[in-house]
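Dumped start_23.txt below, it's compact mmCIF, C-alpha atoms and all ligand atoms:
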# COMPACT_ATOMS: atom_id res chain seq x y z
CA MET A 1 0.00 0.00 0.00
CA SER A 2 1.74 3.21 -1.10
CA ASP A 3 2.07 6.00 1.44
CA PRO A 4 -1.00 8.30 1.07
CA ILE A 5 1.11 11.39 1.80
CA ALA A 6 3.58 10.55 -1.00
CA THR A 7 0.69 9.87 -3.38
CA ALA A 8 -0.99 13.13 -2.37
CA ALA A 9 2.27 15.07 -2.86
CA GLU A 10 2.70 13.60 -6.34
CA ARG A 11 -0.86 14.52 -7.33
CA ILE A 12 -0.56 18.07 -5.90
CA ARG A 13 2.76 18.53 -7.72
CA ARG A 14 1.01 17.84 -11.03
CA ALA A 15 -2.02 20.02 -10.20
CA ARG A 16 -2.90 22.79 -12.65
CA HIS A 17 -5.64 24.29 -10.44
CA LEU A 18 -5.66 23.51 -6.72
CA THR A 19 -8.70 24.29 -4.56
CA VAL A 20 -8.47 23.84 -0.78
CA LEU A 21 -11.47 23.78 1.60
CA THR A 22 -10.62 24.22 5.28
CA GLY A 23 -12.64 23.71 8.46
CA ALA A 24 -12.11 24.10 12.18
CA GLY A 25 -9.63 21.19 12.31
CA VAL A 26 -6.98 23.39 10.67
CA SER A 27 -7.12 25.72 13.70
CA ALA A 28 -7.30 22.96 16.33
CA ALA A 29 -3.51 22.89 16.85
CA SER A 30 -3.64 26.66 17.49
CA GLY A 31 -5.96 26.04 20.42
CA VAL A 32 -9.16 27.22 18.73
CA PRO A 33 -11.95 24.81 19.78
CA THR A 34 -13.62 22.91 16.94
CA PHE A 35 -17.40 22.58 16.79
CA ARG A 36 -18.14 18.87 16.90
CA GLY A 37 -15.03 17.28 18.34
CA PRO A 38 -14.86 15.72 21.83
CA ASP A 39 -13.96 19.13 23.33
CA GLY A 40 -15.91 20.98 20.63
CA LEU A 41 -18.00 24.09 21.14
CA TRP A 42 -21.26 22.28 20.39
CA ARG A 43 -20.56 19.91 23.30
CA SER A 44 -21.14 22.71 25.82
CA PHE A 45 -23.38 24.94 23.69
CA ARG A 46 -26.28 24.06 21.35
CA ALA A 47 -25.79 25.54 17.89
CA GLU A 48 -29.47 26.36 17.58
CA ASP A 49 -29.33 28.28 20.88
CA LEU A 50 -26.52 30.53 19.76
CA ALA A 51 -25.61 30.50 16.05
CA THR A 52 -29.01 31.45 14.60
CA PRO A 53 -30.87 34.72 13.88
CA GLY A 54 -33.67 33.59 16.24
CA ALA A 55 -31.23 33.10 19.12
CA PHE A 56 -29.89 36.61 18.54
CA ARG A 57 -33.37 38.15 18.35
CA ARG A 58 -34.32 36.36 21.60
CA ASP A 59 -31.17 37.17 23.53
CA PRO A 60 -28.49 39.27 21.81
CA ARG A 61 -26.56 39.54 25.08
CA LEU A 62 -26.25 35.72 25.47
CA VAL A 63 -25.14 35.32 21.85
CA TRP A 64 -22.65 38.14 22.18
CA GLU A 65 -21.24 36.71 25.46
CA TRP A 66 -20.49 33.52 23.49
CA TYR A 67 -18.87 35.37 20.58
CA ASP A 68 -16.91 37.70 22.88
CA TRP A 69 -15.64 34.63 24.76
CA ARG A 70 -14.61 32.99 21.44
CA ARG A 71 -12.94 36.22 20.23
CA GLN A 72 -10.91 36.40 23.43
CA ARG A 73 -9.86 32.73 23.04
CA ILE A 74 -8.92 33.18 19.39
CA ALA A 75 -7.00 36.41 20.12
CA ALA A 76 -4.68 34.32 22.35
CA CYS A 77 -4.02 31.80 19.54
CA GLU A 78 -1.35 31.87 16.84
CA PRO A 79 -1.52 30.38 13.35
CA ASN A 80 -0.03 26.87 13.35
CA ALA A 81 2.15 24.99 10.84
CA ALA A 82 -0.91 24.06 8.77
CA HIS A 83 -1.84 27.74 8.28
CA ASP A 84 1.79 28.57 7.51
CA VAL A 85 2.12 25.93 4.77
CA LEU A 86 -1.16 27.01 3.16
CA ALA A 87 0.03 30.63 3.24
CA ARG A 88 3.26 29.59 1.46
CA TRP A 89 1.26 27.58 -1.09
CA SER A 90 -1.01 30.59 -1.76
CA GLN A 91 2.16 32.40 -2.90
CA ARG A 92 3.68 29.39 -4.68
CA PHE A 93 0.59 28.11 -6.54
CA PRO A 94 -0.89 31.06 -8.49
CA ASP A 95 -3.90 28.87 -9.21
CA LEU A 96 -4.60 27.91 -5.61
CA THR A 97 -7.96 29.04 -4.22
CA LEU A 98 -8.44 28.75 -0.47
CA VAL A 99 -12.07 28.39 0.57
CA THR A 100 -12.57 28.44 4.33
CA GLN A 101 -15.49 27.78 6.66
CA ASN A 102 -13.45 29.22 9.50
CA VAL A 103 -14.27 32.64 10.95
CA ASP A 104 -11.16 32.89 13.18
CA GLY A 105 -8.96 34.91 10.81
CA LEU A 106 -5.91 32.65 11.30
CA HIS A 107 -5.43 32.04 7.56
CA GLU A 108 -5.24 35.82 7.10
CA ARG A 109 -2.79 36.22 10.02
CA ALA A 110 -0.58 33.49 8.51
CA GLY A 111 -0.37 35.55 5.31
CA THR A 112 -2.65 33.63 2.96
CA THR A 113 -3.91 35.81 0.12
CA ARG A 114 -7.04 35.19 -1.93
CA ILE A 115 -9.29 33.66 0.76
CA LEU A 116 -12.95 32.91 0.15
CA ARG A 117 -14.67 33.10 3.57
CA LEU A 118 -17.90 31.12 3.30
CA HIS A 119 -19.11 31.82 6.85
CA GLY A 120 -17.81 35.35 7.39
CA SER A 121 -15.50 36.60 10.11
CA ILE A 122 -15.74 36.71 13.90
CA TRP A 123 -13.63 39.90 13.71
CA HIS A 124 -16.30 41.78 11.76
CA VAL A 125 -19.61 43.29 12.88
CA ARG A 126 -22.62 44.88 11.21
CA CYS A 127 -25.86 46.54 12.29
CA ALA A 128 -28.50 43.92 13.20
CA ARG A 129 -31.35 46.07 11.88
CA PRO A 130 -29.50 46.94 9.47
CA CYS A 131 -29.55 50.75 9.49
CA SER A 132 -26.75 50.95 6.94
CA ASP A 133 -26.50 48.90 3.77
CA GLY A 134 -25.54 45.81 5.78
CA GLN A 135 -21.86 46.58 5.35
CA THR A 136 -19.61 44.75 7.78
CA ARG A 137 -16.70 46.54 9.37
CA ARG A 138 -13.73 45.17 11.33
CA ASP A 139 -13.92 45.47 15.13
CA ASP A 140 -11.24 43.37 16.84
CA ARG A 141 -11.48 44.84 20.35
CA VAL A 142 -11.18 42.10 23.01
CA PRO A 143 -13.00 42.08 25.26
CA LEU A 144 -15.73 44.24 23.76
CA PRO A 145 -16.31 47.27 26.01
CA GLU A 146 -20.09 46.79 25.85
CA ILE A 147 -22.22 43.66 25.29
CA PRO A 148 -24.10 43.70 22.97
CA PRO A 149 -22.01 46.37 21.16
CA PRO A 150 -24.29 49.20 20.02
CA CYS A 151 -24.59 50.43 16.46
CA ILE A 152 -24.60 54.22 16.01
CA CYS A 153 -28.34 53.87 15.31
CA GLY A 154 -28.85 52.45 18.83
CA GLU A 155 -29.65 48.90 17.68
CA PRO A 156 -27.18 46.16 18.61
CA LEU A 157 -24.42 45.23 16.20
CA ARG A 158 -24.27 41.53 15.24
CA PRO A 159 -21.24 39.34 14.51
CA GLY A 160 -20.24 39.36 10.82
CA VAL A 161 -20.73 35.59 10.53
CA VAL A 162 -23.23 33.39 8.70
CA TRP A 163 -25.64 31.69 11.11
CA PHE A 164 -27.65 28.51 10.53
CA GLY A 165 -30.61 29.22 8.30
CA GLU A 166 -28.85 32.26 6.77
CA MET A 167 -27.68 32.55 3.18
CA LEU A 168 -23.97 32.50 2.55
CA PRO A 169 -22.56 35.56 0.72
CA LEU A 170 -23.63 34.88 -2.87
CA ASP A 171 -20.50 36.31 -4.49
CA VAL A 172 -18.30 34.09 -2.29
CA VAL A 173 -20.40 31.00 -3.06
CA LYS A 174 -20.20 31.77 -6.78
CA GLN A 175 -16.40 32.13 -6.70
CA ALA A 176 -16.03 28.97 -4.60
CA GLY A 177 -18.23 27.12 -7.10
CA GLU A 178 -16.07 28.34 -9.99
CA ALA A 179 -12.85 27.32 -8.19
CA THR A 180 -14.40 23.90 -7.51
CA ALA A 181 -15.48 23.39 -11.11
CA ARG A 182 -12.09 24.53 -12.42
CA CYS A 183 -9.76 22.58 -10.17
CA ASP A 184 -8.14 19.26 -11.01
CA VAL A 185 -7.15 18.69 -7.37
CA PHE A 186 -9.47 19.51 -4.43
CA VAL A 187 -8.13 19.15 -0.87
CA ALA A 188 -10.56 19.14 2.10
CA ILE A 189 -8.67 19.78 5.33
CA GLY A 190 -10.01 19.63 8.90
CA THR A 191 -13.72 19.62 8.18
CA SER A 192 -16.38 17.16 9.34
CA ALA A 193 -18.16 17.86 6.01
CA LEU A 194 -21.53 18.10 7.77
CA VAL A 195 -22.44 21.75 7.13
CA TYR A 196 -23.94 22.70 3.77
CA PRO A 197 -23.57 24.24 1.28
CA ALA A 198 -19.83 24.25 2.24
CA ALA A 199 -19.52 20.47 2.36
CA GLY A 200 -21.28 20.27 -1.00
CA PHE A 201 -18.17 21.62 -2.74
CA ILE A 202 -16.36 18.36 -1.96
CA HIS A 203 -19.00 16.37 -3.84
CA GLU A 204 -19.11 18.95 -6.66
CA ALA A 205 -15.34 18.64 -7.13
CA ARG A 206 -15.68 14.89 -7.34
CA ALA A 207 -18.50 15.15 -9.85
CA ALA A 208 -16.42 17.58 -11.94
CA GLY A 209 -13.68 14.96 -12.20
CA ALA A 210 -11.13 16.45 -9.80
CA THR A 211 -8.91 14.25 -7.63
CA VAL A 212 -10.33 14.78 -4.11
CA ILE A 213 -7.97 14.46 -1.16
CA GLU A 214 -9.06 14.60 2.49
CA ILE A 215 -6.67 15.48 5.33
CA ASN A 216 -8.30 14.58 8.64
CA PRO A 217 -7.40 12.17 11.46
CA GLU A 218 -11.05 10.99 11.45
CA THR A 219 -13.47 9.90 8.75
CA THR A 220 -16.00 12.57 7.76
CA GLY A 221 -19.34 13.05 6.06
CA ALA A 222 -17.50 13.12 2.72
CA SER A 223 -15.02 10.27 3.24
CA ASP A 224 -16.89 8.04 0.80
CA ALA A 225 -16.48 10.69 -1.90
CA VAL A 226 -12.74 11.21 -1.65
CA ASP A 227 -10.08 9.55 -3.82
CA LEU A 228 -7.34 9.71 -1.19
CA ALA A 229 -7.53 10.05 2.60
CA VAL A 230 -4.55 11.24 4.65
CA ARG A 231 -5.54 10.18 8.18
CA GLN A 232 -3.25 12.63 9.95
CA PRO A 233 -3.63 15.99 11.70
CA ALA A 234 -3.18 18.95 9.34
CA GLU A 235 -0.30 20.44 11.34
CA ARG A 236 1.69 17.25 10.67
CA ALA A 237 0.48 16.31 7.17
CA LEU A 238 0.87 19.74 5.56
CA PRO A 239 4.53 20.32 6.54
CA GLU A 240 5.28 16.77 5.33
CA LEU A 241 3.51 17.43 2.01
CA ASP A 242 5.37 20.72 1.72
CA ARG A 243 8.70 18.93 2.31
CA LEU A 244 7.91 16.35 -0.37
CA LEU A 245 6.96 19.14 -2.80
CA GLN A 246 10.31 20.91 -2.39
C1 LIG B 1 -28.10 27.67 4.61
C2 LIG B 1 -21.22 30.29 12.14
C3 LIG B 1 -29.98 28.06 3.36
C4 LIG B 1 -20.11 31.09 12.49
C5 LIG B 1 -21.56 28.18 11.10
C6 LIG B 1 -32.38 22.88 8.90
C7 LIG B 1 -32.67 24.22 9.09
C8 LIG B 1 -31.90 25.25 8.56
C9 LIG B 1 -30.79 24.91 7.80
C10 LIG B 1 -30.50 23.57 7.64
C11 LIG B 1 -31.27 22.55 8.15
N1 LIG B 1 -30.71 21.35 7.81
C12 LIG B 1 -29.61 21.59 7.09
C13 LIG B 1 -29.48 22.92 6.97
C14 LIG B 1 -28.45 23.61 6.32
C15 LIG B 1 -27.46 24.05 7.40
C16 LIG B 1 -26.63 22.86 7.74
O1 LIG B 1 -25.82 22.45 6.94
N2 LIG B 1 -26.84 22.28 8.95
C17 LIG B 1 -26.07 21.10 9.31
C18 LIG B 1 -25.59 21.20 10.75
C19 LIG B 1 -26.98 19.87 9.10
N3 LIG B 1 -26.69 25.08 6.77
C20 LIG B 1 -27.05 26.36 6.93
O2 LIG B 1 -27.95 26.75 7.65
C21 LIG B 1 -26.27 27.34 6.08
N4 LIG B 1 -27.18 28.18 5.41
O3 LIG B 1 -28.19 26.50 4.34
O4 LIG B 1 -28.95 28.60 4.16
C22 LIG B 1 -30.88 29.13 3.00
C23 LIG B 1 -31.47 29.05 1.76
C24 LIG B 1 -32.35 30.01 1.41
C25 LIG B 1 -32.65 31.06 2.29
C26 LIG B 1 -32.03 31.12 3.55
C27 LIG B 1 -31.15 30.14 3.91
C28 LIG B 1 -25.37 28.17 6.97
C29 LIG B 1 -24.26 27.31 7.50
C30 LIG B 1 -23.27 28.17 8.27
C31 LIG B 1 -23.54 28.01 9.73
N5 LIG B 1 -22.54 28.74 10.47
N6 LIG B 1 -20.82 28.89 11.89
C32 LIG B 1 -19.60 30.63 13.81
O5 LIG B 1 -20.25 30.89 14.84
O6 LIG B 1 -18.54 30.02 13.76
S1 LIG B 1 -21.27 26.53 10.91
C33 LIG B 1 -19.92 25.97 11.77
O7 LIG B 1 -19.70 24.66 11.26
C34 LIG B 1 -18.62 26.71 11.52
O8 LIG B 1 -18.71 27.77 10.61
C35 LIG B 1 -17.73 25.63 10.94
O9 LIG B 1 -16.82 26.15 10.08
C36 LIG B 1 -18.73 24.79 10.27
C37 LIG B 1 -18.29 23.44 9.82
O10 LIG B 1 -17.68 22.76 10.89
P1 LIG B 1 -16.17 22.25 10.65
O11 LIG B 1 -15.35 23.41 10.26
O12 LIG B 1 -16.19 21.07 9.76
O13 LIG B 1 -15.77 21.89 12.12
P2 LIG B 1 -16.18 20.57 12.94
O14 LIG B 1 -15.88 20.85 14.38
O15 LIG B 1 -17.54 20.12 12.54
O16 LIG B 1 -15.16 19.45 12.42
C38 LIG B 1 -13.78 19.59 12.71
C39 LIG B 1 -13.09 18.51 11.89
O17 LIG B 1 -11.69 18.69 12.07
C40 LIG B 1 -13.41 17.11 12.34
O18 LIG B 1 -13.66 16.31 11.19
C41 LIG B 1 -12.14 16.65 13.06
O19 LIG B 1 -11.92 15.26 12.85
C42 LIG B 1 -11.11 17.42 12.33
N7 LIG B 1 -9.89 17.71 13.08
C43 LIG B 1 -9.72 17.88 14.42
N8 LIG B 1 -8.41 18.16 14.68
C44 LIG B 1 -7.78 18.18 13.47
C45 LIG B 1 -8.70 17.89 12.46
N9 LIG B 1 -8.37 17.84 11.15
C46 LIG B 1 -7.08 18.07 10.84
N10 LIG B 1 -6.14 18.36 11.75
C47 LIG B 1 -6.44 18.42 13.08
N11 LIG B 1 -5.48 18.71 13.98

Could you spell out this file's structure in structure tokens?
Ligand code: BV8
Amino acid sequence: MSDPIATAAERIRRARHLTVLTGAGVSAASGVPTFRGPDGLWRSFRAEDLATPGAFRRDPRLVWEWYDWRRQRIAACEPNAAHDVLARWSQRFPDLTLVTQNVDGLHERAGTTRILRLHGSIWHVRCARPCSDGQTRRDDRVPLPEIPPPCICGEPLRPGVVWFGEMLPLDVVKQAGEATARCDVFVAIGTSALVYPAAGFIHEARAAGATVIEINPETTGASDAVDLAVRQPAERALPELDRLLQ
């Protein structure tokens, strides 16, 4: 049985267009809690109680206490080796598109350019009403001086993330769809592949004839659709792939 990492490196080396989809597992080594893992966020919180428009309408303070707590945790984290390799690849592979479900901003801090953020950013806010044209702006104060943070119109601001039951930004979805259709190698890293439409890109890549590689210590909701599984943590597999690609 050939080594999956060596096989993956060989396929990535020959890639003309590389599309990478990342999930919370890429940030796990940085200390950012995942959602569904044994110590995941959803273990102690229920997604529907916090990451939905209804939860925010019912209790904006509770939702903001959760996001402010996450922002403080993420602010104490650094990008890890997985983020660093992907940042190097975004410079090295002009045709690499990084599509992320993560809202933590660690890909950006590692220096990755050209990121498609499917679920928004925990470091951005916008008026919940909205009084303005729904524009998000960056607000990375930790902790926030006031919970919920007020908009200038007096309504609360909301986190600049996509909640369950909310549409993803259409322009981002369109670009991610184009990158998926165009790629000949699609790599899904650190995602349980349970949340749609993000997880759907894995299946779309497969249907479009790309070689689909999964980097995850566990099996996922898309494992039966991948051509090659690297059952290792991203912070170990990506530096090894990078070494083999030198
Ligand atoms: C939409 C917000 C449609 C930001 C998130 C019923 C009602 C309503 C909707 C639905 C429904 N049923 C299905 C849906 C669709 C729903 C959905 O998919 N639900 C799932 C749960 C069944 N999707 C939506 O609602 C989306 N919107 O469909 O709108 C629509 C149409 C018309 C009109 C209006 C609406 C919106 C989805 C976005 C939700 N927002 N987050 C925030 O607070 O963070 S989702 C949340 O999950 C995060 O964004 C996260 O990115 C995402 C996916 O999770 P993962 O990243 O995969 O993380 P997870 O913990 O699950 O897995 C970690 C993985 O890493 C594991 O596999 C683990 O093994 C691995 N790992 C661990 N360590 C490592 C590692 N891998 C590598 N290395 C390691 N070291």

For A:Asp95, list every protein, DNA or RNA residue within 10 Å, evaluated using all atoms listed in the file, and leave out those in the same chain fewer than 3 positions away; present the list as number ranges by chain.
A: 15-19, 89-92, 98, 179, 182-183

Taking every listed atom of stretch 85-101 of chain A and adding 6 Å to each side, what centre and edge lengths in Å (one decimal) does the axis-aligned box have, as JSON?
{"center_x": -5.9, "center_y": 29.2, "center_z": -1.3, "size_x": 31.2, "size_y": 18.5, "size_z": 27.9}

Please tabulate, as CSV, the residues of chain A that come within 7 Å of ligand LIG 1 (chain B), each with its closest pair of atoms and the distance in Å to one decimal, counting all atoms listed in the file and ordering rows by chain, then residue number upward.
residue,atom,partner,partner_atom,distance
A:Thr22,CA,B:LIG1,O11,6.9
A:Gly23,CA,B:LIG1,O11,3.3
A:Ala24,CA,B:LIG1,O11,3.8
A:Gly25,CA,B:LIG1,O17,3.2
A:Val26,CA,B:LIG1,N10,5.2
A:Ala28,CA,B:LIG1,N11,5.2
A:Ala29,CA,B:LIG1,N11,5.4
A:Thr34,CA,B:LIG1,O14,4.0
A:Phe35,CA,B:LIG1,O14,3.3
A:Arg36,CA,B:LIG1,O14,3.9
A:Gly37,CA,B:LIG1,O14,5.4
A:Gly40,CA,B:LIG1,O14,6.3
A:Ala51,CA,B:LIG1,O5,5.5
A:Gln101,CA,B:LIG1,O9,4.0
A:Asn102,CA,B:LIG1,O9,4.6
A:Val103,CA,B:LIG1,O6,5.7
A:His119,CA,B:LIG1,O8,5.5
A:Val161,CA,B:LIG1,C4,4.9
A:Val162,CA,B:LIG1,N5,5.0
A:Trp163,CA,B:LIG1,N5,4.3
A:Phe164,CA,B:LIG1,O2,3.4
A:Gly165,CA,B:LIG1,O2,3.7
A:Glu166,CA,B:LIG1,C27,4.2
A:Met167,CA,B:LIG1,O4,4.3
A:Leu168,CA,B:LIG1,N4,6.1
A:Ile189,CA,B:LIG1,C46,6.0
A:Gly190,CA,B:LIG1,N9,3.3
A:Thr191,CA,B:LIG1,O12,3.3
A:Ser192,CA,B:LIG1,O18,3.4
A:Ala193,CA,B:LIG1,O12,5.3
A:Leu194,CA,B:LIG1,C17,5.7
A:Val195,CA,B:LIG1,O1,3.5
A:Tyr196,CA,B:LIG1,O1,3.7
A:Pro197,CA,B:LIG1,O3,6.0
A:Ile215,CA,B:LIG1,C46,6.1
A:Asn216,CA,B:LIG1,N9,4.1
A:Pro217,CA,B:LIG1,O19,5.6
A:Glu218,CA,B:LIG1,O19,4.6
A:Thr219,CA,B:LIG1,O18,6.9
A:Thr220,CA,B:LIG1,O18,5.6
A:Gln232,CA,B:LIG1,N10,6.7
A:Pro233,CA,B:LIG1,N10,3.5
A:Ala234,CA,B:LIG1,N10,3.9
A:Glu235,CA,B:LIG1,N11,6.1

For a quick check of your reading of the model, name the residues lying within 9 Å of the coordinate (-16.9, 40.8, 8.7), counting all atoms listed in the file, and write them as a count of residues only.
16

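Here atom CA of A:Glu78 is placed at a distance of 24.1 Å from atom CA of A:Phe45.
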
Would you kindly return, as a list of chain:residue names, each protein, DNA or RNA residue with an atom no farther than 8 Å from any atom of A:Arg73, considering all atoms listed in the file and excluding same-chain residues fewer than 4 positions away?
A:Val32, A:Trp69, A:Cys77

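In this comparison, which uses all atoms listed in the file, the residue of A:Arg158, A:Ile152, A:Ile12, A:Gly105 approaching A:Glu65 most closely is A:Arg158.
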
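Restricting the calculation to only C-alpha atoms, the smallest distance between A:Pro33 and any of A:Ile74, A:Ile5, A:Val173, A:Val20 is found for A:Ile74.
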
Within 8 Å of A:Leu244, counting all atoms listed in the file, which residues qualify if same-chain residues fewer than 4 places away don't, as a PyMOL selection string?
chain A and resi 6+9+240

Just the residues within 6 Å of A:Asn80, please, counting only C-alpha atoms, with nothing from its chain fewer than 2 positions along; format it as a ChimeraX atom specification.
/A:30,82-83

Nearest to A:Leu170, chosen from A:Ile202, A:Gly54, A:Leu118, A:Pro130, with all atoms listed in the file counted in the distances
A:Leu118

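When only C-alpha atoms are used to compute distances to A:Arg13, the closest of the residues A:Ala110, A:Val230, A:Val185, A:Ala205 turns out to be A:Val185.
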